[in-house]
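Colleague: Input structure: final23.cif, which contains mmCIF, C-alpha atoms.
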```cif
data_model
loop_
_atom_site.group_PDB
_atom_site.id
_atom_site.type_symbol
_atom_site.label_atom_id
_atom_site.label_comp_id
_atom_site.auth_asym_id
_atom_site.auth_seq_id
_atom_site.Cartn_x
_atom_site.Cartn_y
_atom_site.Cartn_z
ATOM 1 C CA MET A 111 88.216 55.033 102.285
ATOM 2 C CA GLY A 112 90.956 57.583 101.780
ATOM 3 C CA THR A 113 93.843 57.347 99.410
ATOM 4 C CA THR A 114 97.401 56.900 100.539
ATOM 5 C CA ALA A 115 99.845 59.294 98.960
ATOM 6 C CA ARG A 116 102.991 57.603 97.707
ATOM 7 C CA PRO A 117 106.213 59.594 97.880
ATOM 8 C CA SER A 118 107.443 60.616 94.480
ATOM 9 C CA VAL A 119 110.991 60.573 93.190
ATOM 10 C CA SER A 120 112.131 63.681 91.386
ATOM 11 C CA ALA A 121 114.513 64.118 88.472
ATOM 12 C CA PRO A 122 118.286 64.125 89.010
ATOM 13 C CA LEU A 123 119.818 67.259 90.501
ATOM 14 C CA PRO A 124 123.357 68.415 89.754
ATOM 15 C CA LEU A 125 125.701 68.195 92.715
ATOM 16 C CA PRO A 126 127.515 71.211 94.108
ATOM 17 C CA PRO A 127 131.165 71.252 92.938
ATOM 18 C CA GLY A 128 133.487 69.337 95.242
ATOM 19 C CA LEU A 129 130.719 67.448 97.062
ATOM 20 C CA LEU A 130 131.323 64.160 95.254
ATOM 21 C CA PRO A 131 133.983 63.013 92.787
ATOM 22 C CA ASP A 132 133.851 64.113 89.175
ATOM 23 C CA ARG A 133 132.521 61.647 86.666
ATOM 24 C CA CYS A 134 135.077 58.982 85.829
ATOM 25 C CA CYS A 135 135.122 56.533 82.947
ATOM 26 C CA ASN A 136 132.945 54.030 84.849
ATOM 27 C CA ALA A 137 130.835 56.062 87.288
ATOM 28 C CA ARG A 138 128.908 59.261 87.775
ATOM 29 C CA THR A 139 127.087 60.423 90.870
ATOM 30 C CA TYR A 140 123.982 62.575 91.191
ATOM 31 C CA LEU A 141 121.262 63.374 93.714
ATOM 32 C CA MET A 142 117.669 62.262 93.271
ATOM 33 C CA HIS A 143 115.039 63.102 95.886
ATOM 34 C CA GLY A 144 117.359 62.815 98.859
ATOM 35 C CA PHE A 145 119.249 59.789 97.535
ATOM 36 C CA THR A 146 122.779 59.757 96.200
ATOM 37 C CA VAL A 147 122.770 57.662 93.033
ATOM 38 C CA VAL A 148 126.036 56.155 91.851
ATOM 39 C CA GLU A 149 125.499 55.136 88.245
ATOM 40 C CA VAL A 150 128.054 52.539 87.194
ATOM 41 C CA HIS A 151 128.626 51.707 83.523
ATOM 42 C CA GLY A 152 130.907 49.918 81.107
ATOM 43 C CA ALA A 153 133.233 47.145 82.216
ATOM 44 C CA VAL A 154 134.128 47.126 85.888
ATOM 45 C CA ASP A 155 136.932 44.878 87.033
ATOM 46 C CA LEU A 156 140.029 45.030 89.192
ATOM 47 C CA ALA A 157 141.592 47.686 86.946
ATOM 48 C CA THR A 158 138.599 50.052 86.837
ATOM 49 C CA ALA A 159 137.103 49.443 90.292
ATOM 50 C CA PRO A 160 139.178 52.149 92.064
ATOM 51 C CA GLY A 161 137.356 54.919 90.164
ATOM 52 C CA VAL A 162 133.996 53.456 91.138
ATOM 53 C CA GLN A 163 135.189 53.051 94.738
ATOM 54 C CA LEU A 164 135.918 56.804 94.928
ATOM 55 C CA HIS A 165 132.275 57.483 94.094
ATOM 56 C CA LEU A 166 130.932 54.875 96.504
ATOM 57 C CA ASP A 167 133.198 55.964 99.341
ATOM 58 C CA ALA A 168 132.167 59.601 98.930
ATOM 59 C CA ALA A 169 128.481 58.674 98.708
ATOM 60 C CA THR A 170 128.580 56.419 101.773
ATOM 61 C CA GLN A 171 130.648 58.782 103.952
ATOM 62 C CA PRO A 172 127.880 60.866 105.601
ATOM 63 C CA ALA A 173 125.949 59.486 108.551
ATOM 64 C CA GLY A 174 122.514 58.293 107.450
ATOM 65 C CA ALA A 175 123.509 58.283 103.759
ATOM 66 C CA ARG A 176 120.853 56.948 101.397
ATOM 67 C CA VAL A 177 122.708 55.524 98.404
ATOM 68 C CA ILE A 178 121.504 53.715 95.312
ATOM 69 C CA VAL A 179 123.983 51.898 93.064
ATOM 70 C CA ASP A 180 122.640 51.681 89.519
ATOM 71 C CA LEU A 181 124.170 48.743 87.611
ATOM 72 C CA ARG A 182 121.796 48.782 84.632
ATOM 73 C CA THR A 183 124.392 49.977 82.107
ATOM 74 C CA VAL A 184 127.239 47.766 83.325
ATOM 75 C CA GLU A 185 128.349 45.566 80.435
ATOM 76 C CA PHE A 186 130.734 43.414 82.469
ATOM 77 C CA PHE A 187 131.645 43.026 86.110
ATOM 78 C CA ASP A 188 133.563 40.550 88.160
ATOM 79 C CA CYS A 189 134.169 39.950 91.846
ATOM 80 C CA ALA A 190 135.619 43.478 92.162
ATOM 81 C CA VAL A 191 132.055 44.829 92.017
ATOM 82 C CA LEU A 192 130.930 42.371 94.685
ATOM 83 C CA THR A 193 133.739 43.672 96.889
ATOM 84 C CA LEU A 194 132.670 47.277 96.217
ATOM 85 C CA LEU A 195 129.037 46.503 97.051
ATOM 86 C CA CYS A 196 129.980 44.705 100.291
ATOM 87 C CA ARG A 197 132.191 47.634 101.301
ATOM 88 C CA ALA A 198 129.478 50.189 100.509
ATOM 89 C CA HIS A 199 126.859 48.146 102.399
ATOM 90 C CA ARG A 200 129.113 47.867 105.449
ATOM 91 C CA ARG A 201 129.811 51.620 105.389
ATOM 92 C CA VAL A 202 126.123 52.630 105.243
ATOM 93 C CA ARG A 203 125.212 50.050 107.874
ATOM 94 C CA GLU A 204 127.875 51.459 110.232
ATOM 95 C CA ARG A 205 126.481 54.958 109.651
ATOM 96 C CA GLU A 206 122.805 53.919 109.928
ATOM 97 C CA GLY A 207 122.063 54.617 106.284
ATOM 98 C CA HIS A 208 120.617 52.667 103.385
ATOM 99 C CA LEU A 209 122.095 51.060 100.276
ATOM 100 C CA GLY A 210 119.903 50.067 97.354
ATOM 101 C CA VAL A 211 120.964 48.388 94.124
ATOM 102 C CA VAL A 212 119.359 48.609 90.696
ATOM 103 C CA CYS A 213 120.050 45.527 88.633
ATOM 104 C CA VAL A 214 118.013 44.205 85.698
ATOM 105 C CA ARG A 215 120.228 41.896 83.676
ATOM 106 C CA PRO A 216 119.707 38.226 84.529
ATOM 107 C CA TRP A 217 123.425 37.434 84.594
ATOM 108 C CA HIS A 218 124.040 40.384 86.967
ATOM 109 C CA ARG A 219 121.434 38.949 89.306
ATOM 110 C CA ARG A 220 123.003 35.476 89.033
ATOM 111 C CA ILE A 221 126.382 36.890 90.068
ATOM 112 C CA LEU A 222 124.783 38.680 93.028
ATOM 113 C CA MET A 223 123.061 35.411 93.964
ATOM 114 C CA ALA A 224 126.306 33.420 93.617
ATOM 115 C CA GLY A 225 127.985 35.902 95.954
ATOM 116 C CA ARG A 226 124.931 35.731 98.263
ATOM 117 C CA LEU A 227 124.496 39.494 98.078
ATOM 118 C CA ASP A 228 120.965 39.424 96.680
ATOM 119 C CA ALA A 229 119.510 38.536 100.087
ATOM 120 C CA PHE A 230 120.549 41.762 101.782
ATOM 121 C CA LEU A 231 120.802 44.087 98.763
ATOM 122 C CA GLN A 232 117.423 43.094 97.259
ATOM 123 C CA PRO A 233 117.983 44.495 93.741
ATOM 124 C CA ALA A 234 115.307 46.749 92.260
ATOM 125 C CA ARG A 235 114.485 47.277 88.577
ATOM 126 C CA THR A 236 114.647 51.101 88.558
ATOM 127 C CA VAL A 237 116.178 53.883 90.620
ATOM 128 C CA GLU A 238 112.667 55.057 91.476
ATOM 129 C CA GLU A 239 111.679 51.586 92.703
ATOM 130 C CA ALA A 240 114.839 51.366 94.844
ATOM 131 C CA ALA A 241 114.147 54.794 96.346
ATOM 132 C CA LEU A 242 110.495 54.053 97.079
ATOM 133 C CA SER A 243 111.280 50.695 98.682
ATOM 134 C CA ALA A 244 114.001 52.308 100.822
ATOM 135 C CA LEU A 245 111.428 54.657 102.288
ATOM 136 C CA THR A 246 109.491 51.676 103.690
ATOM 137 C CA LEU A 247 112.417 49.512 104.817
ATOM 138 C CA PRO A 248 114.114 49.558 108.217
ATOM 139 C CA VAL A 249 117.556 51.122 108.526
ATOM 140 C CA SER A 250 120.199 48.883 106.900
ATOM 141 C CA GLY A 251 121.830 48.328 110.280
ATOM 142 C CA ASP A 252 119.179 45.619 110.708
ATOM 143 C CA ASN A 253 120.370 43.738 107.576
ATOM 144 C CA GLN A 254 123.242 41.285 107.510
ATOM 145 C CA PRO A 255 125.857 40.778 104.804
#
```
Just give me the structure as structure tokens.
Modeller:
Amino acid sequence: MGTTARPSVSAPLPLPPGLLPDRCCNARTYLMHGFTVVEVHGAVDLATAPGVQLHLDAATQPAGARVIVDLRTVEFFDCAVLTLLCRAHRRVREREGHLGVVCVRPWHRRILMAGRLDAFLQPARTVEEAALSALTLPVSGDNQP
């Protein structure tokens, strides 16, 4: 019996200037092994969501974009984040890409479940786990919001 090599996920790479928005108070974006990771942090609500949306819109713009939204360091979010995630999912689906979400806090997962987003976003525990599972999943155009 042979062994099956699993793809590895490399460390974050800095982005070329102007490719994606500069870090804002609630988001930063970086590349990791062919995925664009949008790391969201702090409190995200109606007032701070526009800065996060700039990052998500830029990340989901290219055809075939592979995007991971990392919510691990978010201290608070409301329905504004659900709106952002739905928008990002729709954009990658239209462009035949993939959207993964990293979410570990139980109350984050409960909010995703209440909004019925957990079924098609399938939150992972780490960026690496989200990237590895994306490599085995069909294109997000097959998923429904």
Colleague: Can you pull out the residues contacting Gly152 (chain A)? Cut-off 9 Å, using only C-alpha atoms, and skip same-chain residues under 2 positions away; I want them as a PyMOL selection string.
Modeller: chain A and resi 135-137+150+154+183-187
Colleague: Let's have the selection written as an mmCIF file, in the frame of the given file, with C-alpha atoms.
Modeller:
```
data_model
loop_
_atom_site.group_PDB
_atom_site.id
_atom_site.type_symbol
_atom_site.label_atom_id
_atom_site.label_comp_id
_atom_site.auth_asym_id
_atom_site.auth_seq_id
_atom_site.Cartn_x
_atom_site.Cartn_y
_atom_site.Cartn_z
ATOM 1 C CA CYS A 135 135.122 56.533 82.947
ATOM 2 C CA ASN A 136 132.945 54.030 84.849
ATOM 3 C CA ALA A 137 130.835 56.062 87.288
ATOM 4 C CA VAL A 150 128.054 52.539 87.194
ATOM 5 C CA VAL A 154 134.128 47.126 85.888
ATOM 6 C CA THR A 183 124.392 49.977 82.107
ATOM 7 C CA VAL A 184 127.239 47.766 83.325
ATOM 8 C CA GLU A 185 128.349 45.566 80.435
ATOM 9 C CA PHE A 186 130.734 43.414 82.469
ATOM 10 C CA PHE A 187 131.645 43.026 86.110
#
```
Colleague: With 12 Å as the threshold, what does the neighbourhood of (134.2, 33.7, 97.0) contain in terms of residues, counting all atoms listed in the file? Coordinates are those of the file; answer as a VMD selection string.
Modeller: chain A and resid 188 to 190 192 to 193 221 to 227
Colleague: Suppose a student applies the PyMOL selection byres ((chain A and resi 167-182) around 7) to this structure; what residues should they get, written as a list in words?
Modeller: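 Listing what the PyMOL selection byres ((chain A and resi 167-182) around 7) selects in the shown file: Leu130, Phe145, Thr146, Val147, Val148, Glu149, Val150, His151, Gln163, Leu164, His165, Leu166, Thr183, Val184, Ala198, Arg201, Val202, Arg205, Glu206, Gly207, His208, Leu209, Gly210, Val211, Val212, Cys213, Val214 and Val237 of chain A.
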Colleague: For the atom pair CA of Ala241 (chain A) and CA of His143 (chain A), what is the interatomic distance in Å to one decimal place?
Modeller: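 Interatomic distance here is 8.4 Å.
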Colleague: In Å to one decimal, how far is CA of Arg200 (chain A) from CA of Pro160 (chain A)?
Modeller: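 So the two atoms, CA of Pro160 (chain A) and CA of Arg200 (chain A), lie 17.3 Å apart.
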Colleague: Can you pull region 205-231 of chain A out of that block with N, CA and C atoms and hand it back as a PDB file, in the first residue's frame?
Modeller:
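This is the output file out.pdb:
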```pdb
ATOM      1  N   ARG A 205     -18.345  33.487  -9.670  1.00  0.00           N
ATOM      2  CA  ARG A 205     -17.054  33.471 -10.361  1.00  0.00           C
ATOM      3  C   ARG A 205     -16.379  32.096 -10.285  1.00  0.00           C
ATOM      4  N   GLU A 206     -17.152  31.085  -9.880  1.00  0.00           N
ATOM      5  CA  GLU A 206     -16.674  29.703  -9.789  1.00  0.00           C
ATOM      6  C   GLU A 206     -15.438  29.572  -8.895  1.00  0.00           C
ATOM      7  N   GLY A 207     -15.515  30.200  -7.739  1.00  0.00           N
ATOM      8  CA  GLY A 207     -14.441  30.125  -6.763  1.00  0.00           C
ATOM      9  C   GLY A 207     -14.872  29.360  -5.527  1.00  0.00           C
ATOM     10  N   HIS A 208     -14.188  29.630  -4.433  1.00  0.00           N
ATOM     11  CA  HIS A 208     -14.474  28.933  -3.175  1.00  0.00           C
ATOM     12  C   HIS A 208     -14.362  29.911  -2.022  1.00  0.00           C
ATOM     13  N   LEU A 209     -15.277  29.796  -1.067  1.00  0.00           N
ATOM     14  CA  LEU A 209     -15.224  30.592   0.159  1.00  0.00           C
ATOM     15  C   LEU A 209     -15.231  29.642   1.341  1.00  0.00           C
ATOM     16  N   GLY A 210     -14.218  29.757   2.187  1.00  0.00           N
ATOM     17  CA  GLY A 210     -14.158  28.998   3.423  1.00  0.00           C
ATOM     18  C   GLY A 210     -14.221  29.952   4.596  1.00  0.00           C
ATOM     19  N   VAL A 211     -14.673  29.463   5.732  1.00  0.00           N
ATOM     20  CA  VAL A 211     -14.769  30.281   6.939  1.00  0.00           C
ATOM     21  C   VAL A 211     -14.110  29.532   8.079  1.00  0.00           C
ATOM     22  N   VAL A 212     -13.312  30.265   8.858  1.00  0.00           N
ATOM     23  CA  VAL A 212     -12.701  29.713  10.065  1.00  0.00           C
ATOM     24  C   VAL A 212     -13.428  30.337  11.244  1.00  0.00           C
ATOM     25  N   CYS A 213     -13.975  29.489  12.091  1.00  0.00           N
ATOM     26  CA  CYS A 213     -14.803  29.952  13.189  1.00  0.00           C
ATOM     27  C   CYS A 213     -14.713  28.932  14.314  1.00  0.00           C
ATOM     28  N   VAL A 214     -14.242  29.357  15.494  1.00  0.00           N
ATOM     29  CA  VAL A 214     -14.069  28.408  16.593  1.00  0.00           C
ATOM     30  C   VAL A 214     -14.915  28.710  17.820  1.00  0.00           C
ATOM     31  N   ARG A 215     -15.334  29.925  17.986  1.00  0.00           N
ATOM     32  CA  ARG A 215     -16.096  30.271  19.189  1.00  0.00           C
ATOM     33  C   ARG A 215     -17.524  29.727  19.079  1.00  0.00           C
ATOM     34  N   PRO A 216     -17.997  29.082  20.142  1.00  0.00           N
ATOM     35  CA  PRO A 216     -19.340  28.496  20.085  1.00  0.00           C
ATOM     36  C   PRO A 216     -20.435  29.514  19.746  1.00  0.00           C
ATOM     37  N   TRP A 217     -20.362  30.704  20.293  1.00  0.00           N
ATOM     38  CA  TRP A 217     -21.420  31.677  20.004  1.00  0.00           C
ATOM     39  C   TRP A 217     -21.332  32.175  18.567  1.00  0.00           C
ATOM     40  N   HIS A 218     -20.138  32.201  17.958  1.00  0.00           N
ATOM     41  CA  HIS A 218     -20.031  32.528  16.530  1.00  0.00           C
ATOM     42  C   HIS A 218     -20.772  31.474  15.714  1.00  0.00           C
ATOM     43  N   ARG A 219     -20.514  30.226  16.054  1.00  0.00           N
ATOM     44  CA  ARG A 219     -21.157  29.122  15.328  1.00  0.00           C
ATOM     45  C   ARG A 219     -22.672  29.143  15.509  1.00  0.00           C
ATOM     46  N   ARG A 220     -23.143  29.519  16.710  1.00  0.00           N
ATOM     47  CA  ARG A 220     -24.588  29.612  16.934  1.00  0.00           C
ATOM     48  C   ARG A 220     -25.206  30.699  16.067  1.00  0.00           C
ATOM     49  N   ILE A 221     -24.510  31.822  15.905  1.00  0.00           N
ATOM     50  CA  ILE A 221     -25.031  32.892  15.055  1.00  0.00           C
ATOM     51  C   ILE A 221     -25.071  32.436  13.601  1.00  0.00           C
ATOM     52  N   LEU A 222     -24.016  31.740  13.150  1.00  0.00           N
ATOM     53  CA  LEU A 222     -24.024  31.212  11.786  1.00  0.00           C
ATOM     54  C   LEU A 222     -25.169  30.217  11.595  1.00  0.00           C
ATOM     55  N   MET A 223     -25.407  29.391  12.624  1.00  0.00           N
ATOM     56  CA  MET A 223     -26.511  28.427  12.551  1.00  0.00           C
ATOM     57  C   MET A 223     -27.857  29.144  12.529  1.00  0.00           C
ATOM     58  N   ALA A 224     -28.011  30.173  13.365  1.00  0.00           N
ATOM     59  CA  ALA A 224     -29.280  30.920  13.410  1.00  0.00           C
ATOM     60  C   ALA A 224     -29.565  31.574  12.061  1.00  0.00           C
ATOM     61  N   GLY A 225     -28.513  32.033  11.389  1.00  0.00           N
ATOM     62  CA  GLY A 225     -28.671  32.624  10.068  1.00  0.00           C
ATOM     63  C   GLY A 225     -28.677  31.590   8.953  1.00  0.00           C
ATOM     64  N   ARG A 226     -28.566  30.316   9.313  1.00  0.00           N
ATOM     65  CA  ARG A 226     -28.545  29.184   8.383  1.00  0.00           C
ATOM     66  C   ARG A 226     -27.391  29.265   7.379  1.00  0.00           C
ATOM     67  N   LEU A 227     -26.289  29.846   7.811  1.00  0.00           N
ATOM     68  CA  LEU A 227     -25.118  29.938   6.945  1.00  0.00           C
ATOM     69  C   LEU A 227     -24.161  28.776   7.149  1.00  0.00           C
ATOM     70  N   ASP A 228     -24.262  28.099   8.277  1.00  0.00           N
ATOM     71  CA  ASP A 228     -23.340  27.004   8.577  1.00  0.00           C
ATOM     72  C   ASP A 228     -23.453  25.862   7.574  1.00  0.00           C
ATOM     73  N   ALA A 229     -24.625  25.670   6.997  1.00  0.00           N
ATOM     74  CA  ALA A 229     -24.829  24.557   6.065  1.00  0.00           C
ATOM     75  C   ALA A 229     -23.987  24.695   4.803  1.00  0.00           C
ATOM     76  N   PHE A 230     -23.878  25.903   4.264  1.00  0.00           N
ATOM     77  CA  PHE A 230     -23.110  26.049   3.036  1.00  0.00           C
ATOM     78  C   PHE A 230     -21.727  26.640   3.249  1.00  0.00           C
ATOM     79  N   LEU A 231     -21.446  27.204   4.416  1.00  0.00           N
ATOM     80  CA  LEU A 231     -20.099  27.714   4.691  1.00  0.00           C
ATOM     81  C   LEU A 231     -19.228  26.666   5.376  1.00  0.00           C
TER      82      LEU A 231
END
```
